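**Student:** Take a look at the following structure, please.
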Amino acid sequence: MQDHCLVVIGLGYVGLPLAVQAAEAGIKVYGLDSNTARVDSLLAGRSHVDDISDAQVTRALGLGFEPTTDSRCVVRADTVLICVPTPLRQSVPDLDAVRRAGTTIGEHLGQGTLVVLESTTYPGTTEEVLRPLLERDGRYAGRDFHLAFSPERIDPGNARFGLRNTPKIVGGVTRRCCQAAVQFYSRFVDRVVPVSSPAVAEMAKLLENTYRQVNIALVNEMSVFCHELGIDLWEAIDAASTKPFGFQAFRPGPGVGGHCIPIDPNYLSYRVRSLGYPFRFVELAQEINDRMPPFVVDRIVRLLNEDGRSVRGAKVLLLGVTYKADVADERESPSLVVAERLLGLGAQLSYHDPFVPEWQVAERLLRSVADAEQAATEADVTVLLQAHRAYDRENLSKRARLLLDTRGVTSGKNVVRL
């Protein structure tokens with residue numbers, strides 16, 4: 001029997017996996033989303049998230065998962081999780097969706113309900129933005145309801161670590177709030193890690209991705225001058241990785257994408273700037289990573305020049321346009337910048353991606369070529385932007401006239417690494 005009612009607000013790549021996992025743990029789950037088409041699709045058993053299959057959605061529906069656009073479901077909730085988008089608008093965090101969710105919850109909030117913000121944001125958001133929206137009509141956090149922050153740690157396409165076996169950080173505005181959050185997540189997460197406040201939990205999330213962004217920027221910048229020095233940086237990284245302590249391998253690429261690495265550190269930078277300080281590490285790392293797509297285009301132009309060809313009119317094939325291997329997610333993918341610049345230079349552009357049948361580049365709608373290997377034999381230069389498992393790397397390196405490998409996963413006489 002279901003003894004707990006959960007409302008998940010926002011059924012995207014964070015909210016839907018949470019809803020499914022909670023339903024499988026025997027919790028009654030309402031999935032609240034403003035997108036009617038998304039709700040209708042889920043009600044029909046269709047998933048829009050890579051890591052959740054149609055079969056999992058169908059099973060969750062059978063267990064009592066109810067996608068809905070009706071906010072009155074919050075009245076029934078013992079717990080409400082906020083999993084809404086928090087994009088950047090001109091380098092400023094846009095928390096409108098969080099505010100709307102907070103207002104909605106405030107209109108229906110019951111005594112003793114646990115509210116947890118999972119959307120990535122800057123330290124202080126839970127207490128400074130969300131809390132006042134909930135403390136209406138004399139309510140008080142820690143007395144009338146519980147409030148906490150727990151950063152999402154979803155890694156799309158990761159078959160090893162999912163919701164259950166990835167430790168869950170929680171920080172409550174009071175000790176009782178934290179205990180309530182720990183008790184809730186322990187129902188379907190193996191390890192819950194309590195911290196002293198929502199701000200610490202918010203900072204932990206930003207620290208994780210800022211660490212990645214800075215280290216990726218380091219190897220990206222090294223890849224530029226290692227090319228000039230004639231050094232294979234990937235070989236150097238593999239050699240350094242043999243050290244059993246004090247080193248973690250990061251590898252260069254055509255840029256960074258997704259919602260986390262190119263976005264999240266900017267929340268921290270925004271917060272630091274509000275204190276009157278520059279956050280030079282993050283800003284420099286962002287600048288370096290933003291330079292990588294133009295650098296890829298410059299390498300393409302140089303390779304064509306060395307082959308006696310102009311980029312104008314040259315056939316350029318891009319392989320893999322998602323931000324991460326083996327997922328269909330195109331958010332913030334550096335491939336789009338590469339494609340737009342190539343079209344601007346007059347290249348005859350084509351692409352292949354097993355996860356993206358159609359791709360909007362500037363004002364053009366491109367369709368994935370049917371056969372990547374055949375297209376590589378016809379292209380003047382083929383650019384491997386994302387190393388999907390579906391690609392036969394050995395065959396590609398043999399059949400391509402010229403292959404620019406931005407991921408360092410192929411070799412051969414026709415292969416040039418970034």
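In the structure tokens, chains take the letters A, B, ... in the order shown, each chain's residues start at 1, and ligands count up from 1 in the order shown.
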If you count only C-alpha atoms, which residues fall within 10 Å of Lys168 (chain A), apart from same-chain ones fewer than 5 positions away, as a list in words?

**Tutor:** Ser150, Pro151, Glu152, Arg153, Leu163, Val182, Tyr185, Ser186, Val189, Asp190, Arg191, Val192, Val193, Pro194 and Ala201 of chain A

**Student:** DSSP on the backbone: which residues in region 109-261 of chain A end up as strand (DSSP E or B)? Give the answer as a VMD selection string.

**Tutor:** chain A and resid 114 to 117 141 145 to 149 168 to 172 192 to 195

**Student:** Can you pull out the residues contacting region 82-84 of chain A? Cut-off 10 Å, using only C-alpha atoms, and skip same-chain residues under 3 positions away; I want them as a VMD selection string.

**Tutor:** chain A and resid 7 to 16 18 32 to 33 87 95 to 102 105 115 to 120 149 to 152

**Student:** Determine, using only C-alpha atoms, which residues of region 241-322 of chain A have any atom at most 9 Å from an atom of region 210-213 of chain A, and tabulate each with its shortest atom pair and distance in Å to one decimal place, rows ordered by chain and then rising number, as CSV.

**Tutor:**
```
residue,atom,partner,partner_atom,distance
A:Phe250,CA,A:Arg212,CA,8.2
A:Val256,CA,A:Gln213,CA,8.1
A:Ile261,CA,A:Gln213,CA,5.6
A:Pro262,CA,A:Gln213,CA,7.3
A:Asp264,CA,A:Thr210,CA,7.3
A:Pro265,CA,A:Thr210,CA,5.1
A:Asn266,CA,A:Thr210,CA,8.7
A:Leu268,CA,A:Thr210,CA,8.5
A:Val282,CA,A:Thr210,CA,7.0
A:Ala285,CA,A:Gln213,CA,6.6
A:Gln286,CA,A:Gln213,CA,7.6
A:Asn289,CA,A:Gln213,CA,8.2
```

**Student:** In Å to one decimal, how far is CA of Leu147 (chain A) from CA of Ala181 (chain A)?

**Tutor:**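 Between CA of Ala181 (chain A) and CA of Leu147 (chain A) the gap is 8.2 Å.
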
**Student:** When you look at Gly110 (chain A) with a cut-off of 12 Å (counting only C-alpha atoms), what residues show up, excluding the ones that are within fewer than 2 positions of it in the same chain? I need them as number ranges by chain.

**Tutor:** A: 72-80, 105-108, 112-115, 134-137, 139-140, 143-146

**Student:** If you run DSSP over the backbone, which residues in region 193-414 of chain A end up alpha helix (DSSP H)? Put them as an MDAnalysis selection string.

**Tutor:** chainID A and resid 198:229 233:240 264:274 280:306 334:344 372:378 393:399

**Student:** Mind pulling up the distance from CA of Arg164 (chain A) to CA of Ala60 (chain A)?

**Tutor:**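 One can read the CA of Ala60 (chain A) to CA of Arg164 (chain A) distance as 16.0 Å.
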
**Student:** Grab the CA of His259 (chain A) to CA of Leu43 (chain A) distance for me, in Å with one decimal place.

**Tutor:**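 Distance between the two atoms: 26.3 Å.
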